[in-house]
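All remarks here apply to the structure that follows.
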Amino acid sequence: MLIPGLVSVTFRALSVPEVVALARECGVWAVEWGGDIHVPLNDLAAARDARQRCADAGLTTSSYGSYYRAGTTDPAEWDAVLATAVELGAPQIRVWAGTTGSATTSPAQRAAVVDAIRTAAVAAETAGVRVALEYHPDTLTDTLESATRLFAEIGHGSVVPYWQPGGAQDVSDAVEEVRTLLPMLTTAHVFSWGPGGWSDRLPLAAREDLWLPVLRELGRDGVDRYALLEFVTGDSPDAFRADAATLLGWLSSVTA
């Protein structure tokens, strides 16, 4: 089952109650709470508040969107990241696989990232939380080859992948990436970009050619996964409303 939701950093200008209200209004079911604005690191009161507001609205927390950069962030910070996620009730923590792309990362730097992720996963597993690696440029998940190699190097079952498309991404490449990352893939960040990437945001419907086959692939095995909207045009709630309607329509069609 594909669970629609949103990434809270899409709306950094909105408060937690406003994000919850928008999610509920638009019929999505889950929120990835960002660790920069809405649920700051080690702010356990904010984590409890977000968790309760979600529960009251019938929403679930998909993940804690941390900015922990494995191999770069002080490892001592992980305890606070994990404590915040646990208070939030998040089943997984989004983590970044370093700060450099795979082509420019030295073997020693790569080993440091691997060790940091594995160490974080051991601690998180004790708390019943998974470590989810952001699929992102300028990290060690910037290519499918590097990402799959990274998971093999880490060798820990509680470390799972995210996925998101690149700007103007080829459809067959996207489907191959998703297929390769399954069955461990837990979450897709859902948005449409043109060739300009982050600054070239499109209405979600503009990439129906990409998202319909990707969503079919994500739902093929019947495992619960999150499809979380992000990067709406102009950071606009109205653009989100349109994108949410598009996503819900697609999910209905691919699961019919």
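The chains in the structure tokens are called A, B, ... from first to last as shown; in each chain the residues are counted from 1, and the ligands are counted from 1 in the order shown.
Every protein, DNA or RNA residue with an atom at most 6 Å from region 129-143 of chain A, where only C-alpha atoms count and chain neighbours fewer than 2 positions away do not, is listed here: Pro91, Gln92, Ile93, Arg94, Val95, Trp96, Ala97, Gly98, Thr99, Thr100, Gly101, Ser102, Ala121, Ala124, Glu125, Ala127, Glu145, Ser146, Ala147, Ser158, Val159, Val160, Pro161, Tyr162 and Trp163 of chain A.
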Would you give me, as JSON lines, each residue of region 136-195 of chain A having an atom within 8 Å of an atom of region 220-233 of chain A, along with its shortest atom pair and that distance in Å to one decimal, using only C-alpha atoms and sorting by chain and residue number?
```
{"residue": "A:Leu185", "atom": "CA", "partner": "A:Arg225", "partner_atom": "CA", "distance": 7.7}
{"residue": "A:Thr186", "atom": "CA", "partner": "A:Arg225", "partner_atom": "CA", "distance": 5.0}
{"residue": "A:Thr187", "atom": "CA", "partner": "A:Tyr226", "partner_atom": "CA", "distance": 4.6}
{"residue": "A:Ala188", "atom": "CA", "partner": "A:Ala227", "partner_atom": "CA", "distance": 5.0}
{"residue": "A:His189", "atom": "CA", "partner": "A:Leu228", "partner_atom": "CA", "distance": 4.9}
{"residue": "A:Val190", "atom": "CA", "partner": "A:Leu229", "partner_atom": "CA", "distance": 4.7}
{"residue": "A:Phe191", "atom": "CA", "partner": "A:Glu230", "partner_atom": "CA", "distance": 5.7}
```
For the selection just defined, write its residues with N, CA, C and O atoms to a file, as a PDB file, in the first residue's frame.
```
ATOM      1  N   LEU A 185      13.347  -0.344  -0.053  1.00  0.00           N
ATOM      2  CA  LEU A 185      12.935   1.050  -0.239  1.00  0.00           C
ATOM      3  C   LEU A 185      11.656   1.343   0.543  1.00  0.00           C
ATOM      4  O   LEU A 185      10.658   0.652   0.376  1.00  0.00           O
ATOM      5  N   THR A 186      11.702   2.372   1.389  1.00  0.00           N
ATOM      6  CA  THR A 186      10.551   2.673   2.248  1.00  0.00           C
ATOM      7  C   THR A 186       9.788   3.923   1.840  1.00  0.00           C
ATOM      8  O   THR A 186       8.604   4.041   2.153  1.00  0.00           O
ATOM      9  N   THR A 187      10.458   4.852   1.154  1.00  0.00           N
ATOM     10  CA  THR A 187       9.869   6.180   0.976  1.00  0.00           C
ATOM     11  C   THR A 187      10.323   6.786  -0.339  1.00  0.00           C
ATOM     12  O   THR A 187      11.510   6.724  -0.681  1.00  0.00           O
ATOM     13  N   ALA A 188       9.391   7.404  -1.061  1.00  0.00           N
ATOM     14  CA  ALA A 188       9.715   8.220  -2.218  1.00  0.00           C
ATOM     15  C   ALA A 188       9.319   9.657  -1.932  1.00  0.00           C
ATOM     16  O   ALA A 188       8.216   9.913  -1.438  1.00  0.00           O
ATOM     17  N   HIS A 189      10.216  10.573  -2.215  1.00  0.00           N
ATOM     18  CA  HIS A 189       9.883  11.996  -2.209  1.00  0.00           C
ATOM     19  C   HIS A 189       9.334  12.331  -3.594  1.00  0.00           C
ATOM     20  O   HIS A 189      10.012  12.127  -4.605  1.00  0.00           O
ATOM     21  N   VAL A 190       8.125  12.841  -3.619  1.00  0.00           N
ATOM     22  CA  VAL A 190       7.363  12.961  -4.861  1.00  0.00           C
ATOM     23  C   VAL A 190       7.297  14.421  -5.296  1.00  0.00           C
ATOM     24  O   VAL A 190       6.756  15.274  -4.578  1.00  0.00           O
ATOM     25  N   PHE A 191       7.828  14.700  -6.476  1.00  0.00           N
ATOM     26  CA  PHE A 191       7.795  16.053  -7.042  1.00  0.00           C
ATOM     27  C   PHE A 191       8.154  15.949  -8.516  1.00  0.00           C
ATOM     28  O   PHE A 191       8.645  14.907  -8.984  1.00  0.00           O
TER      29      PHE A 191
END
```
Can you list, as a VMD selection string, every residue of region 58-234 of chain A that DSSP puts in strand (DSSP E)?
chain A and resid 60 to 69 92 to 96 130 to 133 159 to 163 187 to 190 192 to 193 201 to 202 225 to 229
Deliver the residues from the most recent selection as a file, using N, CA and C atoms, as an mmCIF file, in the first residue's frame.
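And here's part21.cif as it stands now:
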```cif
data_model
loop_
_atom_site.group_PDB
_atom_site.id
_atom_site.type_symbol
_atom_site.label_atom_id
_atom_site.label_comp_id
_atom_site.auth_asym_id
_atom_site.auth_seq_id
_atom_site.Cartn_x
_atom_site.Cartn_y
_atom_site.Cartn_z
ATOM 1 N N THR A 60 -0.222 10.049 10.566
ATOM 2 C CA THR A 60 0.909 9.334 11.130
ATOM 3 C C THR A 60 2.194 10.061 10.787
ATOM 4 N N THR A 61 3.219 9.860 11.596
ATOM 5 C CA THR A 61 4.542 10.388 11.292
ATOM 6 C C THR A 61 5.306 9.334 10.505
ATOM 7 N N SER A 62 5.728 9.687 9.300
ATOM 8 C CA SER A 62 6.452 8.721 8.469
ATOM 9 C C SER A 62 7.913 8.628 8.861
ATOM 10 N N SER A 63 8.480 9.751 9.307
ATOM 11 C CA SER A 63 9.914 9.793 9.551
ATOM 12 C C SER A 63 10.295 11.112 10.212
ATOM 13 N N TYR A 64 11.500 11.108 10.795
ATOM 14 C CA TYR A 64 12.114 12.338 11.292
ATOM 15 C C TYR A 64 13.160 12.761 10.274
ATOM 16 N N GLY A 65 12.949 13.909 9.667
ATOM 17 C CA GLY A 65 13.845 14.392 8.623
ATOM 18 C C GLY A 65 15.040 15.108 9.214
ATOM 19 N N SER A 66 16.033 14.334 9.645
ATOM 20 C CA SER A 66 17.200 14.932 10.288
ATOM 21 C C SER A 66 18.158 15.496 9.241
ATOM 22 N N TYR A 67 19.104 16.273 9.725
ATOM 23 C CA TYR A 67 20.188 16.759 8.879
ATOM 24 C C TYR A 67 21.517 16.209 9.377
ATOM 25 N N TYR A 68 21.448 14.984 9.859
ATOM 26 C CA TYR A 68 22.645 14.273 10.301
ATOM 27 C C TYR A 68 23.412 13.821 9.065
ATOM 28 N N ARG A 69 24.634 14.321 8.921
ATOM 29 C CA ARG A 69 25.492 13.999 7.789
ATOM 30 C C ARG A 69 26.521 12.978 8.253
ATOM 31 N N GLN A 92 11.399 5.887 11.382
ATOM 32 C CA GLN A 92 12.680 5.959 10.679
ATOM 33 C C GLN A 92 13.216 7.388 10.746
ATOM 34 N N ILE A 93 14.529 7.496 10.590
ATOM 35 C CA ILE A 93 15.215 8.788 10.606
ATOM 36 C C ILE A 93 15.917 8.968 9.276
ATOM 37 N N ARG A 94 15.610 10.053 8.602
ATOM 38 C CA ARG A 94 16.311 10.370 7.361
ATOM 39 C C ARG A 94 17.713 10.869 7.684
ATOM 40 N N VAL A 95 18.704 10.278 7.040
ATOM 41 C CA VAL A 95 20.111 10.599 7.249
ATOM 42 C C VAL A 95 20.750 10.841 5.886
ATOM 43 N N TRP A 96 21.736 11.709 5.848
ATOM 44 C CA TRP A 96 22.454 12.020 4.611
ATOM 45 C C TRP A 96 23.778 11.257 4.596
ATOM 46 N N ARG A 130 14.477 2.711 12.208
ATOM 47 C CA ARG A 130 15.353 2.461 11.069
ATOM 48 C C ARG A 130 16.103 3.738 10.678
ATOM 49 N N VAL A 131 17.222 3.555 10.009
ATOM 50 C CA VAL A 131 17.981 4.656 9.431
ATOM 51 C C VAL A 131 17.715 4.651 7.928
ATOM 52 N N ALA A 132 17.161 5.734 7.413
ATOM 53 C CA ALA A 132 16.781 5.828 6.005
ATOM 54 C C ALA A 132 17.696 6.829 5.304
ATOM 55 N N LEU A 133 18.375 6.386 4.262
ATOM 56 C CA LEU A 133 19.339 7.231 3.568
ATOM 57 C C LEU A 133 18.676 8.033 2.461
ATOM 58 N N VAL A 159 19.145 -0.337 7.925
ATOM 59 C CA VAL A 159 19.456 0.800 7.053
ATOM 60 C C VAL A 159 18.726 0.591 5.730
ATOM 61 N N VAL A 160 17.864 1.554 5.387
ATOM 62 C CA VAL A 160 16.980 1.395 4.236
ATOM 63 C C VAL A 160 17.072 2.616 3.325
ATOM 64 N N PRO A 161 16.694 2.459 2.055
ATOM 65 C CA PRO A 161 16.782 3.585 1.124
ATOM 66 C C PRO A 161 15.510 4.407 1.006
ATOM 67 N N TYR A 162 15.723 5.696 0.748
ATOM 68 C CA TYR A 162 14.727 6.574 0.157
ATOM 69 C C TYR A 162 14.986 6.584 -1.357
ATOM 70 N N TRP A 163 14.073 7.243 -2.100
ATOM 71 C CA TRP A 163 14.309 7.510 -3.521
ATOM 72 C C TRP A 163 13.611 8.797 -3.897
ATOM 73 N N THR A 187 10.458 4.852 1.154
ATOM 74 C CA THR A 187 9.869 6.180 0.976
ATOM 75 C C THR A 187 10.323 6.786 -0.339
ATOM 76 N N ALA A 188 9.391 7.404 -1.061
ATOM 77 C CA ALA A 188 9.715 8.220 -2.218
ATOM 78 C C ALA A 188 9.319 9.657 -1.932
ATOM 79 N N HIS A 189 10.216 10.573 -2.215
ATOM 80 C CA HIS A 189 9.883 11.996 -2.209
ATOM 81 C C HIS A 189 9.334 12.331 -3.594
ATOM 82 N N VAL A 190 8.125 12.841 -3.619
ATOM 83 C CA VAL A 190 7.363 12.961 -4.861
ATOM 84 C C VAL A 190 7.297 14.421 -5.296
ATOM 85 N N SER A 192 7.936 17.018 -9.243
ATOM 86 C CA SER A 192 8.295 17.078 -10.661
ATOM 87 C C SER A 192 9.211 18.272 -10.898
ATOM 88 N N TRP A 193 10.352 17.988 -11.511
ATOM 89 C CA TRP A 193 11.321 19.024 -11.860
ATOM 90 C C TRP A 193 11.601 18.995 -13.355
ATOM 91 N N ARG A 201 10.887 23.957 -10.744
ATOM 92 C CA ARG A 201 9.783 23.156 -10.227
ATOM 93 C C ARG A 201 8.572 23.216 -11.148
ATOM 94 N N LEU A 202 7.926 22.077 -11.298
ATOM 95 C CA LEU A 202 6.756 21.955 -12.161
ATOM 96 C C LEU A 202 5.573 21.457 -11.351
ATOM 97 N N ARG A 225 4.538 1.576 1.777
ATOM 98 C CA ARG A 225 5.604 2.558 1.553
ATOM 99 C C ARG A 225 4.983 3.947 1.527
ATOM 100 N N TYR A 226 5.811 4.956 1.789
ATOM 101 C CA TYR A 226 5.346 6.333 1.794
ATOM 102 C C TYR A 226 5.656 7.016 0.464
ATOM 103 N N ALA A 227 4.699 7.792 -0.014
ATOM 104 C CA ALA A 227 4.871 8.676 -1.163
ATOM 105 C C ALA A 227 4.614 10.095 -0.664
ATOM 106 N N LEU A 228 5.697 10.829 -0.421
ATOM 107 C CA LEU A 228 5.614 12.106 0.292
ATOM 108 C C LEU A 228 5.859 13.275 -0.653
ATOM 109 N N LEU A 229 4.897 14.161 -0.743
ATOM 110 C CA LEU A 229 5.010 15.332 -1.604
ATOM 111 C C LEU A 229 6.019 16.338 -1.052
#
```
Residue list (alpha helix (DSSP H), DSSP) for region 106-252 of chain A, as a ChimeraX atom specification
/A:107-126,144-154,171-181,208-219,237-252
Residues within 12 Å of Leu210 (chain A), only C-alpha atoms, excluding chain neighbours under 5 positions, as a VMD selection string:
chain A and resid 164 to 176 178 190 to 194 204 to 205 215 to 217 250
With only C-alpha atoms as the counted atoms, please give the residues lying no more than 12 Å from Thr246 (chain A), apart from itself and same-chain residues fewer than 6 positions off, as a PyMOL selection string.
chain A and resi 4+26-28+190-192+203-208+211-212+229+239-240+252-253
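The residue set within 7 Å of region 40-50 of chain A, counting only C-alpha atoms and dropping same-chain residues fewer than 4 places from it, reads A:Val16, A:Gly35, A:Asp36, A:Cys54, A:Ala80, A:Val81, A:Thr84, A:Glu87, A:Leu88.
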Next, the residues of the selection above should be written as a short mmCIF file (atom, residue, chain, number, x, y, z; two decimals), in the first residue's frame with N, CA and C atoms.
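Produced file selection_2.cif, reproduced below:
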```cif
data_model
loop_
_atom_site.label_atom_id
_atom_site.label_comp_id
_atom_site.auth_asym_id
_atom_site.auth_seq_id
_atom_site.Cartn_x
_atom_site.Cartn_y
_atom_site.Cartn_z
N VAL A 16 3.48 24.14 12.85
CA VAL A 16 3.10 22.74 12.93
C VAL A 16 1.58 22.57 12.81
N GLY A 35 13.80 18.40 10.80
CA GLY A 35 14.56 18.68 12.01
C GLY A 35 15.15 20.07 12.08
N ASP A 36 14.80 20.94 11.12
CA ASP A 36 15.37 22.30 11.16
C ASP A 36 14.40 23.32 11.74
N CYS A 54 -0.59 15.20 15.16
CA CYS A 54 -0.83 14.20 14.11
C CYS A 54 -1.88 13.18 14.58
N ALA A 80 20.98 12.59 20.41
CA ALA A 80 19.90 13.58 20.41
C ALA A 80 18.97 13.38 19.23
N VAL A 81 19.52 13.04 18.06
CA VAL A 81 18.69 12.76 16.89
C VAL A 81 17.73 11.60 17.20
N THR A 84 15.00 12.48 19.77
CA THR A 84 13.96 13.32 19.18
C THR A 84 13.01 12.48 18.32
N GLU A 87 10.71 10.39 20.55
CA GLU A 87 9.66 11.22 21.14
C GLU A 87 8.60 11.58 20.10
N LEU A 88 9.04 11.73 18.87
CA LEU A 88 8.13 12.06 17.77
C LEU A 88 7.29 10.86 17.35
#
```
